[in-house]
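Read through the structure below, which is laid out as C-alpha coordinates, and then see the notes.
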Amino acid sequence: MLPWNYGFHWSAGTIIFLGAFYTVLVVILSTLANALWRSWRDVRFEKAEALRWMSDFHDLPARDRSCRHELTGDVKVRKCPHAFDCRICELHPKFMARQRPESRQATPESEIFGLPFPLDRLYHRGHAWVRPEPDGTIAVGLDELGKRLIGEPDAVDLPPVGARIQANGTAWRMQKRGADFRVLAPVGGEVIVVGGQDQEWYLKVRPEDQPPDTRHLLAPHEVKPWVMRELERMQIALGARALGASLADGGVPVADIAAACPNADWDAVCGEMFLEP
(Lines give C-alpha, C1' and ligand atoms only; values in the text may rest on other atoms or scores of the structure.)
Protein backbone atom coordinates (compact mmCIF):
# COMPACT_ATOMS: atom_id res chain seq x y z
CA MET A 1 0.00 0.00 0.00
CA LEU A 2 3.00 2.34 0.25
CA PRO A 3 4.50 4.04 -2.85
CA TRP A 4 7.90 2.36 -2.48
CA ASN A 5 6.39 -1.14 -2.40
CA TYR A 6 6.58 -3.31 -5.54
CA GLY A 7 3.34 -3.37 -7.47
CA PHE A 8 1.97 -0.16 -5.95
CA HIS A 9 -0.83 1.49 -7.98
CA TRP A 10 -2.50 4.83 -7.33
CA SER A 11 -6.21 4.59 -6.62
CA ALA A 12 -8.82 6.34 -4.50
CA GLY A 13 -8.30 3.77 -1.76
CA THR A 14 -4.53 4.23 -1.65
CA ILE A 15 -4.91 8.03 -1.57
CA ILE A 16 -7.31 7.80 1.38
CA PHE A 17 -5.02 5.34 3.16
CA LEU A 18 -1.89 7.42 2.61
CA GLY A 19 -3.68 10.59 3.74
CA ALA A 20 -4.78 8.94 6.98
CA PHE A 21 -1.38 7.29 7.49
CA TYR A 22 0.63 10.50 7.12
CA THR A 23 -1.87 12.50 9.19
CA VAL A 24 -1.44 10.08 12.09
CA LEU A 25 2.33 10.16 11.61
CA VAL A 26 2.41 13.97 11.69
CA VAL A 27 0.25 14.03 14.83
CA ILE A 28 2.54 11.53 16.59
CA LEU A 29 5.70 13.41 15.61
CA SER A 30 4.18 16.76 16.58
CA THR A 31 3.10 15.40 19.97
CA LEU A 32 6.56 13.95 20.58
CA ALA A 33 8.29 17.16 19.53
CA ASN A 34 6.00 19.23 21.76
CA ALA A 35 6.66 16.95 24.74
CA LEU A 36 10.42 17.14 24.19
CA TRP A 37 10.28 20.93 23.87
CA ARG A 38 8.25 21.30 27.07
CA SER A 39 10.61 19.00 28.95
CA TRP A 40 13.62 20.96 27.72
CA ARG A 41 11.91 24.24 28.63
CA ASP A 42 11.09 23.02 32.15
CA VAL A 43 14.62 21.74 32.71
CA ARG A 44 16.08 25.01 31.44
CA PHE A 45 13.71 27.00 33.70
CA GLU A 46 14.56 24.93 36.76
CA LYS A 47 18.29 25.22 36.12
CA ALA A 48 18.03 28.98 35.54
CA GLU A 49 16.05 29.48 38.75
CA ALA A 50 18.46 27.31 40.76
CA LEU A 51 21.54 29.05 39.36
CA ARG A 52 20.07 32.48 40.02
CA TRP A 53 19.26 31.64 43.65
CA MET A 54 22.70 30.15 44.25
CA SER A 55 24.29 33.30 42.82
CA ASP A 56 22.03 35.56 44.90
CA PHE A 57 22.67 33.54 48.05
CA HIS A 58 26.45 33.73 47.78
CA ASP A 59 26.20 37.49 47.21
CA LEU A 60 24.36 37.97 50.51
CA PRO A 61 26.32 39.33 53.48
CA ALA A 62 27.71 36.61 55.74
CA ARG A 63 25.31 37.58 58.57
CA ASP A 64 22.35 36.82 56.27
CA ARG A 65 23.57 33.31 55.42
CA SER A 66 23.43 31.90 58.96
CA CYS A 67 22.33 28.30 59.32
CA ARG A 68 18.95 27.87 61.00
CA HIS A 69 20.69 25.80 63.68
CA GLU A 70 22.84 28.80 64.56
CA LEU A 71 19.67 30.84 65.08
CA THR A 72 18.19 28.21 67.40
CA GLY A 73 21.44 27.72 69.35
CA ASP A 74 22.10 24.15 68.19
CA VAL A 75 25.50 25.28 66.91
CA LYS A 76 27.47 28.36 67.87
CA VAL A 77 28.46 29.62 64.41
CA ARG A 78 27.64 28.11 61.03
CA LYS A 79 27.04 29.60 57.61
CA CYS A 80 24.63 27.58 55.49
CA PRO A 81 26.53 25.78 52.69
CA HIS A 82 23.36 24.76 50.82
CA ALA A 83 21.56 28.07 50.19
CA PHE A 84 18.92 27.36 52.86
CA ASP A 85 18.00 24.00 51.32
CA CYS A 86 18.11 21.67 54.32
CA ARG A 87 16.74 18.85 52.14
CA ILE A 88 20.23 18.25 50.73
CA CYS A 89 22.19 18.96 53.90
CA GLU A 90 23.88 15.91 55.37
CA LEU A 91 24.19 17.58 58.79
CA HIS A 92 20.61 18.79 59.17
CA PRO A 93 19.23 15.40 60.37
CA LYS A 94 22.11 15.14 62.84
CA PHE A 95 21.43 18.61 64.23
CA MET A 96 17.75 17.75 64.55
CA ALA A 97 18.53 14.47 66.31
CA ARG A 98 20.69 16.14 68.95
CA GLN A 99 18.65 19.32 69.23
CA ARG A 100 18.63 20.65 72.75
CA PRO A 101 15.67 19.35 74.79
CA GLU A 102 14.58 22.87 75.72
CA SER A 103 14.44 23.76 72.01
CA ARG A 104 12.35 20.71 71.15
CA GLN A 105 10.02 21.19 74.08
CA ALA A 106 9.58 24.94 73.70
CA THR A 107 5.93 25.86 73.22
CA PRO A 108 5.49 27.58 69.84
CA GLU A 109 4.13 31.11 69.99
CA SER A 110 1.43 32.36 67.65
CA GLU A 111 2.39 35.97 68.39
CA ILE A 112 6.01 37.10 68.40
CA PHE A 113 6.90 40.64 69.47
CA GLY A 114 3.33 41.64 68.75
CA LEU A 115 3.37 40.08 65.26
CA PRO A 116 1.01 37.19 64.48
CA PHE A 117 2.74 34.05 63.21
CA PRO A 118 -0.01 31.36 63.07
CA LEU A 119 1.00 27.84 64.06
CA ASP A 120 -0.85 26.15 61.19
CA ARG A 121 1.91 26.88 58.67
CA LEU A 122 5.65 26.66 57.99
CA TYR A 123 7.85 29.64 57.23
CA HIS A 124 10.46 30.32 54.56
CA ARG A 125 13.40 32.57 55.32
CA GLY A 126 12.42 34.82 52.43
CA HIS A 127 9.23 35.79 54.38
CA ALA A 128 6.76 33.53 52.61
CA TRP A 129 4.75 30.85 54.38
CA VAL A 130 3.05 27.61 53.32
CA ARG A 131 -0.09 26.01 54.68
CA PRO A 132 -1.49 22.62 53.57
CA GLU A 133 -5.07 22.83 52.32
CA PRO A 134 -7.75 20.09 52.63
CA ASP A 135 -7.76 19.51 48.85
CA GLY A 136 -4.05 18.60 48.78
CA THR A 137 -2.85 21.96 47.50
CA ILE A 138 -0.60 24.34 49.43
CA ALA A 139 -1.48 27.97 50.11
CA VAL A 140 1.45 30.39 49.89
CA GLY A 141 1.38 33.81 51.49
CA LEU A 142 3.54 36.62 52.87
CA ASP A 143 4.37 36.52 56.57
CA GLU A 144 3.43 39.34 58.92
CA LEU A 145 6.83 41.03 58.96
CA GLY A 146 6.94 40.99 55.16
CA LYS A 147 3.39 42.38 55.00
CA ARG A 148 4.17 45.21 57.39
CA LEU A 149 7.40 46.02 55.64
CA ILE A 150 5.59 46.50 52.31
CA GLY A 151 2.18 47.69 53.49
CA GLU A 152 0.04 48.26 50.42
CA PRO A 153 2.22 47.28 47.42
CA ASP A 154 2.30 49.56 44.41
CA ALA A 155 2.05 46.54 42.08
CA VAL A 156 2.01 42.75 42.29
CA ASP A 157 2.98 40.47 39.39
CA LEU A 158 1.61 36.98 40.02
CA PRO A 159 2.39 33.94 37.85
CA PRO A 160 -0.43 32.67 35.62
CA VAL A 161 -2.47 29.61 36.53
CA GLY A 162 -0.65 26.57 35.21
CA ALA A 163 2.81 28.07 35.68
CA ARG A 164 5.41 26.08 37.59
CA ILE A 165 7.39 27.54 40.44
CA GLN A 166 10.49 26.09 42.06
CA ALA A 167 11.53 26.21 45.70
CA ASN A 168 13.84 29.21 46.17
CA GLY A 169 12.90 30.47 42.72
CA THR A 170 10.59 33.41 42.08
CA ALA A 171 7.06 32.96 43.44
CA TRP A 172 5.85 36.43 42.44
CA ARG A 173 7.16 39.97 42.09
CA MET A 174 6.17 43.14 43.94
CA GLN A 175 6.84 46.86 43.64
CA LYS A 176 7.02 49.41 46.44
CA ARG A 177 8.33 52.99 46.31
CA GLY A 178 10.33 52.30 43.15
CA ALA A 179 11.74 48.99 44.39
CA ASP A 180 11.00 45.98 42.18
CA PHE A 181 11.76 42.72 43.96
CA ARG A 182 10.83 39.05 43.94
CA VAL A 183 9.43 36.90 46.74
CA LEU A 184 11.12 33.51 46.95
CA ALA A 185 8.92 30.44 46.49
CA PRO A 186 8.89 28.28 49.63
CA VAL A 187 7.89 25.15 47.66
CA GLY A 188 7.84 23.94 44.07
CA GLY A 189 4.80 22.95 42.07
CA GLU A 190 2.06 24.05 39.68
CA VAL A 191 0.09 27.21 40.35
CA ILE A 192 -3.60 26.26 40.64
CA VAL A 193 -5.18 29.51 41.84
CA VAL A 194 -3.88 33.05 42.35
CA GLY A 195 -4.97 35.35 45.17
CA GLY A 196 -3.43 38.64 46.20
CA GLN A 197 -3.13 41.40 48.77
CA ASP A 198 -6.88 41.37 49.44
CA GLN A 199 -6.74 37.70 50.44
CA GLU A 200 -4.68 35.98 53.09
CA TRP A 201 -2.68 34.06 50.47
CA TYR A 202 -1.12 34.88 47.10
CA LEU A 203 -0.92 31.44 45.46
CA LYS A 204 -2.31 27.96 45.79
CA VAL A 205 0.09 25.37 44.46
CA ARG A 206 -0.15 21.67 43.66
CA PRO A 207 3.18 20.45 45.08
CA GLU A 208 5.63 18.44 43.02
CA ASP A 209 5.69 15.60 45.54
CA GLN A 210 3.05 14.06 47.78
CA PRO A 211 3.59 14.59 50.60
CA PRO A 212 5.77 17.63 49.88
CA ASP A 213 9.27 17.73 51.35
CA THR A 214 9.30 20.72 53.71
CA ARG A 215 12.49 20.04 55.68
CA HIS A 216 13.92 23.37 54.50
CA LEU A 217 11.08 25.38 56.08
CA LEU A 218 11.02 26.72 59.62
CA ALA A 219 8.70 24.96 62.07
CA PRO A 220 6.68 27.13 64.49
CA HIS A 221 9.09 26.59 67.42
CA GLU A 222 11.98 27.89 65.25
CA VAL A 223 10.24 31.10 64.23
CA LYS A 224 10.94 33.27 67.30
CA PRO A 225 14.77 33.25 67.12
CA TRP A 226 14.52 33.81 63.36
CA VAL A 227 12.18 36.80 63.79
CA MET A 228 14.57 38.25 66.37
CA ARG A 229 17.36 38.08 63.77
CA GLU A 230 15.08 39.51 61.08
CA LEU A 231 14.24 42.53 63.24
CA GLU A 232 17.97 43.10 63.69
CA ARG A 233 18.46 42.89 59.93
CA MET A 234 15.60 45.31 59.38
CA GLN A 235 17.17 47.75 61.84
CA ILE A 236 20.42 47.65 59.88
CA ALA A 237 18.61 48.06 56.55
CA LEU A 238 16.42 50.96 57.70
CA GLY A 239 18.85 52.66 60.02
CA ALA A 240 18.21 53.56 63.66
CA ARG A 241 16.29 56.77 62.93
CA ALA A 242 14.03 55.18 60.34
CA LEU A 243 13.47 52.15 62.55
CA GLY A 244 12.17 54.39 65.33
CA ALA A 245 9.60 55.85 62.94
CA SER A 246 8.53 52.35 61.89
CA LEU A 247 7.77 51.14 65.43
CA ALA A 248 4.49 51.68 67.24
CA ASP A 249 4.24 52.04 71.02
CA GLY A 250 5.84 49.05 72.65
CA GLY A 251 8.29 48.46 69.78
CA VAL A 252 5.88 46.63 67.46
CA PRO A 253 6.33 47.46 63.74
CA VAL A 254 3.56 49.63 62.34
CA ALA A 255 1.18 48.20 59.73
CA ASP A 256 2.95 49.99 56.85
CA ILE A 257 6.66 50.47 57.51
CA ALA A 258 7.21 51.81 53.98
CA ALA A 259 4.72 54.62 54.60
CA ALA A 260 6.37 55.42 57.95
CA CYS A 261 9.85 55.56 56.37
CA PRO A 262 9.37 57.19 52.95
CA ASN A 263 12.99 58.35 52.71
CA ALA A 264 14.57 54.95 53.20
CA ASP A 265 16.42 53.33 50.30
CA TRP A 266 13.69 50.83 49.45
CA ASP A 267 15.72 49.04 46.81
CA ALA A 268 18.29 48.24 49.49
CA VAL A 269 15.72 47.50 52.20
CA CYS A 270 13.68 45.10 50.06
CA GLY A 271 16.81 43.46 48.70
CA GLU A 272 18.07 42.92 52.23
CA MET A 273 14.86 41.57 53.72
CA PHE A 274 13.73 39.47 50.73
CA LEU A 275 17.24 38.03 50.12
CA GLU A 276 17.86 39.69 46.76
CA PRO A 277 21.29 41.38 46.85
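Residue numbering restarts at 1 in every chain; chains get A, B, ... in the order shown in the C-alpha coordinates, and ligands count up from 1 in that same order.
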Can you build me a table of segment 153-229 of chain A residues sitting at most 12 Å from segment 85-96 of chain A, with the closest atom pair per residue and its distance in Å to one decimal, using only C-alpha atoms, sorted by chain and residue number, as JSON lines?
```
{"residue": "A:Ala167", "atom": "CA", "partner": "A:Asp85", "partner_atom": "CA", "distance": 8.8}
{"residue": "A:Asn168", "atom": "CA", "partner": "A:Asp85", "partner_atom": "CA", "distance": 8.4}
{"residue": "A:Gly169", "atom": "CA", "partner": "A:Asp85", "partner_atom": "CA", "distance": 11.9}
{"residue": "A:Pro186", "atom": "CA", "partner": "A:Asp85", "partner_atom": "CA", "distance": 10.2}
{"residue": "A:Val187", "atom": "CA", "partner": "A:Asp85", "partner_atom": "CA", "distance": 10.8}
{"residue": "A:Pro212", "atom": "CA", "partner": "A:Arg87", "partner_atom": "CA", "distance": 11.3}
{"residue": "A:Asp213", "atom": "CA", "partner": "A:Arg87", "partner_atom": "CA", "distance": 7.6}
{"residue": "A:Thr214", "atom": "CA", "partner": "A:Arg87", "partner_atom": "CA", "distance": 7.8}
{"residue": "A:Arg215", "atom": "CA", "partner": "A:Arg87", "partner_atom": "CA", "distance": 5.7}
{"residue": "A:His216", "atom": "CA", "partner": "A:Cys86", "partner_atom": "CA", "distance": 4.5}
{"residue": "A:Leu217", "atom": "CA", "partner": "A:Cys86", "partner_atom": "CA", "distance": 8.1}
{"residue": "A:Leu218", "atom": "CA", "partner": "A:Cys86", "partner_atom": "CA", "distance": 10.2}
{"residue": "A:Ala219", "atom": "CA", "partner": "A:Met96", "partner_atom": "CA", "distance": 11.8}
{"residue": "A:Glu222", "atom": "CA", "partner": "A:Met96", "partner_atom": "CA", "distance": 11.7}
```
Could you pull out the strand (DSSP E) residues of segment 99-213 of chain A, going by DSSP on the backbone, and write them as a VMD selection string? chain A and resid 111 to 112 115 to 116 122 to 123 128 to 132 138 to 142 155 to 157 164 to 165 170 to 176 179 to 184 189 to 194 203 to 207
With only C-alpha atoms as the counted atoms, please give the residues lying no more than 8 Å from Trp201 of chain A, apart from itself and same-chain residues fewer than 4 positions off, as a list of chain:residue names.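 Using only C-alpha atoms, the neighbours found are A:Ala139, A:Val140, A:Gly141, A:Leu142, A:Gly195, A:Gly196, A:Gln197.
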Which residues are close to Val191 of chain A, i.e. within 9 Å by only C-alpha atoms, leaving aside same-chain residues fewer than 2 positions away? Reply as a ChimeraX atom specification. /A:159-165,189,193-194,203-207
Have a look at atom CA of Asp135 of chain A and atom CA of Ala50 of chain A and let me know their distance in Å, one decimal.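 Atom-to-atom, atom CA of Asp135 of chain A and atom CA of Ala50 of chain A are spaced 28.5 Å apart.
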Could you pull the residues within 10 Å of Val252 of chain A, counting only C-alpha atoms, minus those fewer than 2 positions along the same chain, as a VMD selection string? chain A and resid 112 to 115 246 to 250 254 to 255
Selected residues written out, N, CA and C atoms, as a PDB file, in the first residue's frame:
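The new file again25.pdb reads:
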```
ATOM      1  N   ILE A 112       4.604  36.864  68.074  1.00  0.00           N
ATOM      2  CA  ILE A 112       6.012  37.097  68.399  1.00  0.00           C
ATOM      3  C   ILE A 112       6.289  38.580  68.288  1.00  0.00           C
ATOM      4  N   PHE A 113       6.651  39.203  69.424  1.00  0.00           N
ATOM      5  CA  PHE A 113       6.897  40.639  69.473  1.00  0.00           C
ATOM      6  C   PHE A 113       5.717  41.429  68.900  1.00  0.00           C
ATOM      7  N   GLY A 114       4.526  40.962  69.218  1.00  0.00           N
ATOM      8  CA  GLY A 114       3.327  41.641  68.751  1.00  0.00           C
ATOM      9  C   GLY A 114       2.935  41.332  67.323  1.00  0.00           C
ATOM     10  N   LEU A 115       3.658  40.433  66.651  1.00  0.00           N
ATOM     11  CA  LEU A 115       3.367  40.078  65.260  1.00  0.00           C
ATOM     12  C   LEU A 115       2.742  38.687  65.224  1.00  0.00           C
ATOM     13  N   SER A 246       9.304  53.503  62.370  1.00  0.00           N
ATOM     14  CA  SER A 246       8.526  52.351  61.895  1.00  0.00           C
ATOM     15  C   SER A 246       7.941  51.525  63.023  1.00  0.00           C
ATOM     16  N   LEU A 247       8.254  51.899  64.293  1.00  0.00           N
ATOM     17  CA  LEU A 247       7.767  51.139  65.431  1.00  0.00           C
ATOM     18  C   LEU A 247       6.629  51.875  66.121  1.00  0.00           C
ATOM     19  N   ALA A 248       5.582  51.119  66.457  1.00  0.00           N
ATOM     20  CA  ALA A 248       4.487  51.680  67.241  1.00  0.00           C
ATOM     21  C   ALA A 248       4.868  51.648  68.718  1.00  0.00           C
ATOM     22  N   ASP A 249       3.977  52.102  69.586  1.00  0.00           N
ATOM     23  CA  ASP A 249       4.241  52.040  71.019  1.00  0.00           C
ATOM     24  C   ASP A 249       4.489  50.594  71.427  1.00  0.00           C
ATOM     25  N   GLY A 250       5.518  50.404  72.220  1.00  0.00           N
ATOM     26  CA  GLY A 250       5.845  49.051  72.650  1.00  0.00           C
ATOM     27  C   GLY A 250       6.815  48.359  71.722  1.00  0.00           C
ATOM     28  N   VAL A 254       4.843  49.103  62.790  1.00  0.00           N
ATOM     29  CA  VAL A 254       3.559  49.631  62.339  1.00  0.00           C
ATOM     30  C   VAL A 254       3.053  48.805  61.159  1.00  0.00           C
ATOM     31  N   ALA A 255       1.796  49.020  60.785  1.00  0.00           N
ATOM     32  CA  ALA A 255       1.179  48.205  59.728  1.00  0.00           C
ATOM     33  C   ALA A 255       1.791  48.455  58.370  1.00  0.00           C
TER      34      ALA A 255
END
```
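We find atom CA of Ile236 of chain A and atom CA of Val183 of chain A to be spaced 20.2 Å apart.
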